[in-house]
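Asker: There's a structure below that I have some questions on.
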Amino acid sequence: MPDFIEDPRAALDRLLQERGIDYAQLSARIGRNPAYIQQYIKRGSPRRLAEQDRARIAVYLGVSEAMLGGALQRAAIPARARGSAMVLVPKLAIGASAGAGASIDGEPVESEVAFDSKWLRGLGADPRALTIIRVEGDSMAPTLDDGDDILVDGGDAAGRLRDGIYVLRMDDVLMVKRIARAPGQGRISVISDNPHYRSWDDLPMAAVQLVGRVVWTGRRVR
């Protein structure tokens with residue numbers, strides 16, 4: 001046990017370097033402007049991470065909040081089940097619209113859900129980049145229904161684009177839609193599975209921001 005407490009800024013900087021995550025990437029992950037984390041680490045502004053930001057970063061990096069300046073009693077203890085590590089995935093207090101669209105007003109963490117790491121690897125998902133959000137609306141029915149929880153892999157977005165269901169932003173609105181590559185280079189189709197809703201047959205990639213690929217869904221039995 002070391003006899004010193006590492007400065008939270010130095011600890012965060014070290015963790016990011018070890019994991020190959022840049023400042024702008026982490027800033028985007030917590031819904032901040034691209035320079036936010038760099039300013040915090042290098043300039044000391046803000047002096048302390050906001051509680052919500054600290055909690056999201058801790059979950060994303062798989063470390064205790066105490067390492068990032070939180071109270072010691074908030075330190076997370078990795079869960080274990082049958083010898084397999086459990087990954088705590090943040091559930092965000094927002095919905096991705098499967099209807100007309102919902103404005104983004106920030107992404108606070110509502111709770112955390114534990115998943116077996118081996119099971120997540122079987123999905124081909126990156127445990128460090130996962131979040132759970134709620135589907136709002138029925139434009140993706142019957143594939144996804146209103147109120148379904150979806151597991152979104154933020155590490156599987158534009159860089160690995162292939163046909164599938166993605167959470168995306170269009171005109172600053174968060175949506176969940178099916179993406180299909182269109183014939184033209186750098187063109188995609190954004191599709192609603194429910195034929196009663198609009199689809200976009202041929203868009204430039206620049207028209208959307210892919211947040212992540214939907215790798216799993218859970219729903220309440222009605």
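Just remember, in the structure tokens the first chain shown is A, the second B, etc., residues are 1-based per chain, and ligands are 1-based in the order shown.
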Hey, what's within 10 Å of Ala141 in chain A if we count only C-alpha atoms and toss same-chain stuff fewer than 6 positions away? As a PyMOL selection string, please?

Answerer: chain A and resi 98+192-195

Asker: Near range 109-117 of chain A, within 8 Å and counting only C-alpha atoms, which residues show up once chain neighbours fewer than 3 positions away are dropped, as a ChimeraX atom specification?

Answerer: /A:52,55-56,81,84-93,120-121,127

Asker: For the residues in the current selection, export N, CA and C atoms as a PDB file, in the first residue's frame.

Answerer:
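Result went into part.pdb, see below:
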ATOM      1  N   GLN A  52     -20.877  14.618 -10.933  1.00  0.00           N
ATOM      2  CA  GLN A  52     -21.433  13.838 -12.033  1.00  0.00           C
ATOM      3  C   GLN A  52     -20.338  13.443 -13.022  1.00  0.00           C
ATOM      4  N   ALA A  55     -18.064  10.751 -11.482  1.00  0.00           N
ATOM      5  CA  ALA A  55     -18.699   9.431 -11.440  1.00  0.00           C
ATOM      6  C   ALA A  55     -18.653   8.761 -12.808  1.00  0.00           C
ATOM      7  N   ARG A  56     -18.912   9.514 -13.854  1.00  0.00           N
ATOM      8  CA  ARG A  56     -18.921   8.937 -15.200  1.00  0.00           C
ATOM      9  C   ARG A  56     -17.515   8.526 -15.620  1.00  0.00           C
ATOM     10  N   ALA A  81     -18.468 -12.669  -9.631  1.00  0.00           N
ATOM     11  CA  ALA A  81     -19.507 -13.702  -9.653  1.00  0.00           C
ATOM     12  C   ALA A  81     -18.949 -14.920 -10.373  1.00  0.00           C
ATOM     13  N   SER A  84     -15.728 -14.611 -12.366  1.00  0.00           N
ATOM     14  CA  SER A  84     -15.638 -13.712 -13.510  1.00  0.00           C
ATOM     15  C   SER A  84     -15.829 -12.269 -13.054  1.00  0.00           C
ATOM     16  N   ALA A  85     -15.032 -11.378 -13.596  1.00  0.00           N
ATOM     17  CA  ALA A  85     -15.156  -9.965 -13.247  1.00  0.00           C
ATOM     18  C   ALA A  85     -16.450  -9.408 -13.809  1.00  0.00           C
ATOM     19  N   MET A  86     -17.075  -8.525 -13.032  1.00  0.00           N
ATOM     20  CA  MET A  86     -18.281  -7.849 -13.478  1.00  0.00           C
ATOM     21  C   MET A  86     -17.928  -6.417 -13.864  1.00  0.00           C
ATOM     22  N   VAL A  87     -18.529  -5.947 -14.927  1.00  0.00           N
ATOM     23  CA  VAL A  87     -18.307  -4.593 -15.413  1.00  0.00           C
ATOM     24  C   VAL A  87     -19.546  -3.765 -15.097  1.00  0.00           C
ATOM     25  N   LEU A  88     -19.343  -2.630 -14.432  1.00  0.00           N
ATOM     26  CA  LEU A  88     -20.460  -1.740 -14.128  1.00  0.00           C
ATOM     27  C   LEU A  88     -20.647  -0.774 -15.299  1.00  0.00           C
ATOM     28  N   VAL A  89     -21.788  -0.881 -15.951  1.00  0.00           N
ATOM     29  CA  VAL A  89     -22.089  -0.051 -17.118  1.00  0.00           C
ATOM     30  C   VAL A  89     -23.041   1.061 -16.694  1.00  0.00           C
ATOM     31  N   PRO A  90     -22.694   2.325 -16.962  1.00  0.00           N
ATOM     32  CA  PRO A  90     -23.573   3.423 -16.555  1.00  0.00           C
ATOM     33  C   PRO A  90     -24.856   3.461 -17.376  1.00  0.00           C
ATOM     34  N   LYS A  91     -25.970   3.644 -16.669  1.00  0.00           N
ATOM     35  CA  LYS A  91     -27.260   3.853 -17.333  1.00  0.00           C
ATOM     36  C   LYS A  91     -27.549   5.343 -17.287  1.00  0.00           C
ATOM     37  N   LEU A  92     -27.675   5.961 -18.456  1.00  0.00           N
ATOM     38  CA  LEU A  92     -27.816   7.404 -18.538  1.00  0.00           C
ATOM     39  C   LEU A  92     -29.277   7.816 -18.444  1.00  0.00           C
ATOM     40  N   ALA A  93     -29.496   8.945 -17.809  1.00  0.00           N
ATOM     41  CA  ALA A  93     -30.865   9.444 -17.596  1.00  0.00           C
ATOM     42  C   ALA A  93     -31.339  10.230 -18.803  1.00  0.00           C
ATOM     43  N   LEU A 120     -19.795  -9.862 -22.150  1.00  0.00           N
ATOM     44  CA  LEU A 120     -19.609  -8.675 -22.976  1.00  0.00           C
ATOM     45  C   LEU A 120     -18.596  -8.929 -24.083  1.00  0.00           C
ATOM     46  N   ARG A 121     -17.533  -9.637 -23.769  1.00  0.00           N
ATOM     47  CA  ARG A 121     -16.541  -9.960 -24.803  1.00  0.00           C
ATOM     48  C   ARG A 121     -17.168 -10.809 -25.893  1.00  0.00           C
ATOM     49  N   PRO A 127     -15.852  -3.002 -23.061  1.00  0.00           N
ATOM     50  CA  PRO A 127     -16.459  -2.662 -21.764  1.00  0.00           C
ATOM     51  C   PRO A 127     -16.191  -1.234 -21.323  1.00  0.00           C
TER      52      PRO A 127
END

Asker: Return the single residue from A:Lys177, A:Arg213, A:Arg47, A:Arg198 that is closest to Leu123 in chain A, with distances computed using only C-alpha atoms.

Answerer: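 Result for the nearest residue to Leu123 in chain A: A:Arg213.
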
Asker: So which residues touch range 27-33 of chain A within 9 Å, counting only C-alpha atoms, skipping near sequence neighbours fewer than 3 positions away, as number ranges by chain?

Answerer: A: 22-24, 36-38, 52-53, 56-57, 60, 106-108, 129, 154

Asker: Please write the residues from the selection above to a file, keeping N, CA and C atoms, as a short mmCIF file (atom, residue, chain, number, x, y, z; two decimals), in the first residue's frame.

Answerer:
data_model
loop_
_atom_site.label_atom_id
_atom_site.label_comp_id
_atom_site.auth_asym_id
_atom_site.auth_seq_id
_atom_site.Cartn_x
_atom_site.Cartn_y
_atom_site.Cartn_z
N ASP A 22 -7.28 10.02 -25.41
CA ASP A 22 -6.84 11.42 -25.39
C ASP A 22 -7.85 12.29 -24.64
N TYR A 23 -7.42 13.51 -24.34
CA TYR A 23 -8.25 14.41 -23.54
C TYR A 23 -9.60 14.69 -24.20
N ALA A 24 -9.55 14.97 -25.51
CA ALA A 24 -10.79 15.33 -26.22
C ALA A 24 -11.78 14.16 -26.22
N TYR A 36 -12.14 20.47 -22.33
CA TYR A 36 -12.47 20.47 -20.90
C TYR A 36 -11.45 19.69 -20.07
N ILE A 37 -11.17 18.44 -20.44
CA ILE A 37 -10.27 17.61 -19.65
C ILE A 37 -8.84 18.15 -19.71
N GLN A 38 -8.41 18.62 -20.85
CA GLN A 38 -7.07 19.20 -20.95
C GLN A 38 -6.92 20.40 -20.03
N GLN A 52 -20.88 14.62 -10.93
CA GLN A 52 -21.43 13.84 -12.03
C GLN A 52 -20.34 13.44 -13.02
N ASP A 53 -19.45 14.39 -13.35
CA ASP A 53 -18.36 14.10 -14.28
C ASP A 53 -17.42 13.05 -13.69
N ARG A 56 -18.91 9.51 -13.85
CA ARG A 56 -18.92 8.94 -15.20
C ARG A 56 -17.51 8.53 -15.62
N ILE A 57 -16.53 9.36 -15.29
CA ILE A 57 -15.15 9.03 -15.64
C ILE A 57 -14.70 7.77 -14.90
N TYR A 60 -16.22 4.77 -16.53
CA TYR A 60 -15.63 4.58 -17.85
C TYR A 60 -14.23 3.96 -17.76
N GLY A 106 -27.86 17.09 -21.77
CA GLY A 106 -26.86 16.52 -20.86
C GLY A 106 -27.15 15.06 -20.63
N GLU A 107 -26.17 14.35 -20.08
CA GLU A 107 -26.28 12.91 -19.94
C GLU A 107 -25.90 12.46 -18.53
N PRO A 108 -26.71 12.80 -17.51
CA PRO A 108 -26.38 12.38 -16.15
C PRO A 108 -26.52 10.86 -15.97
N ALA A 129 -16.33 1.38 -23.10
CA ALA A 129 -17.05 2.37 -23.90
C ALA A 129 -18.56 2.13 -23.93
N GLY A 154 -19.81 2.69 -27.52
CA GLY A 154 -19.27 3.92 -28.08
C GLY A 154 -17.94 3.73 -28.78
#

Asker: Using only C-alpha atoms, pick whichever of A:Asp171, A:Thr143, A:Gln17, A:Val221 has the shortest atom-to-atom distance to Ala206 in chain A.

Answerer: A:Asp171

Asker: Per DSSP on the backbone, filter range 23-220 of chain A down to the residues in helix (DSSP H, G or I) and report them as number ranges by chain.

Answerer: A: 23-29, 36-43, 51-61, 65-68, 72-74, 117-122, 127-129, 158-160, 205-207

Asker: Measure the distance from CA of Arg48 in chain A to CA of Gly69 in chain A in Å and round it to one decimal.

Answerer: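 That distance, rounded to one decimal, is 7.5 Å.
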
Asker: Considering only strand (DSSP E) as DSSP defines it on the backbone, what residues of range 124-156 of chain A qualify? List them as a VMD selection string.

Answerer: chain A and resid 130 to 136 149 to 153

Asker: Hey, can you spit out that residue selection with N, CA and C atoms as an mmCIF file, in the first residue's frame?

Answerer:
data_model
loop_
_atom_site.group_PDB
_atom_site.id
_atom_site.type_symbol
_atom_site.label_atom_id
_atom_site.label_comp_id
_atom_site.auth_asym_id
_atom_site.auth_seq_id
_atom_site.Cartn_x
_atom_site.Cartn_y
_atom_site.Cartn_z
ATOM 1 N N LEU A 130 -19.069 1.357 -22.954
ATOM 2 C CA LEU A 130 -20.474 0.983 -22.970
ATOM 3 C C LEU A 130 -21.326 1.922 -22.121
ATOM 4 N N THR A 131 -22.529 2.181 -22.593
ATOM 5 C CA THR A 131 -23.542 2.879 -21.814
ATOM 6 C C THR A 131 -24.895 2.243 -22.114
ATOM 7 N N ILE A 132 -25.818 2.451 -21.200
ATOM 8 C CA ILE A 132 -27.197 1.997 -21.395
ATOM 9 C C ILE A 132 -28.082 3.232 -21.479
ATOM 10 N N ILE A 133 -28.916 3.294 -22.493
ATOM 11 C CA ILE A 133 -29.902 4.369 -22.591
ATOM 12 C C ILE A 133 -31.257 3.772 -22.953
ATOM 13 N N ARG A 134 -32.265 4.585 -22.860
ATOM 14 C CA ARG A 134 -33.643 4.139 -23.047
ATOM 15 C C ARG A 134 -34.148 4.558 -24.434
ATOM 16 N N VAL A 135 -34.901 3.669 -25.070
ATOM 17 C CA VAL A 135 -35.545 3.990 -26.336
ATOM 18 C C VAL A 135 -36.834 4.749 -26.062
ATOM 19 N N GLU A 136 -37.032 5.842 -26.780
ATOM 20 C CA GLU A 136 -38.269 6.616 -26.669
ATOM 21 C C GLU A 136 -38.953 6.670 -28.037
ATOM 22 N N ASP A 149 -34.393 -0.799 -22.951
ATOM 23 C CA ASP A 149 -33.029 -0.374 -22.649
ATOM 24 C C ASP A 149 -32.105 -0.943 -23.718
ATOM 25 N N ILE A 150 -31.183 -0.116 -24.212
ATOM 26 C CA ILE A 150 -30.239 -0.585 -25.215
ATOM 27 C C ILE A 150 -28.812 -0.382 -24.712
ATOM 28 N N LEU A 151 -27.964 -1.353 -25.001
ATOM 29 C CA LEU A 151 -26.555 -1.307 -24.637
ATOM 30 C C LEU A 151 -25.796 -0.785 -25.853
ATOM 31 N N VAL A 152 -25.129 0.346 -25.658
ATOM 32 C CA VAL A 152 -24.496 1.057 -26.772
ATOM 33 C C VAL A 152 -22.984 1.019 -26.615
ATOM 34 N N ASP A 153 -22.295 0.551 -27.639
ATOM 35 C CA ASP A 153 -20.833 0.486 -27.638
ATOM 36 C C ASP A 153 -20.280 1.725 -28.334
#

Asker: Please, what distance in Å, to one decimal, runs between CA of Arg219 in chain A and CA of Leu26 in chain A?

Answerer: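 Taking CA of Arg219 in chain A and CA of Leu26 in chain A, their separation equals 29.6 Å.
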
Asker: My list of candidates is A:Pro34, A:Ser45, A:Arg220, A:Leu68. Which is closest to Arg9 in chain A when distances are computed with only C-alpha atoms?

Answerer: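 Under the stated criterion, the closest residue is A:Leu68.
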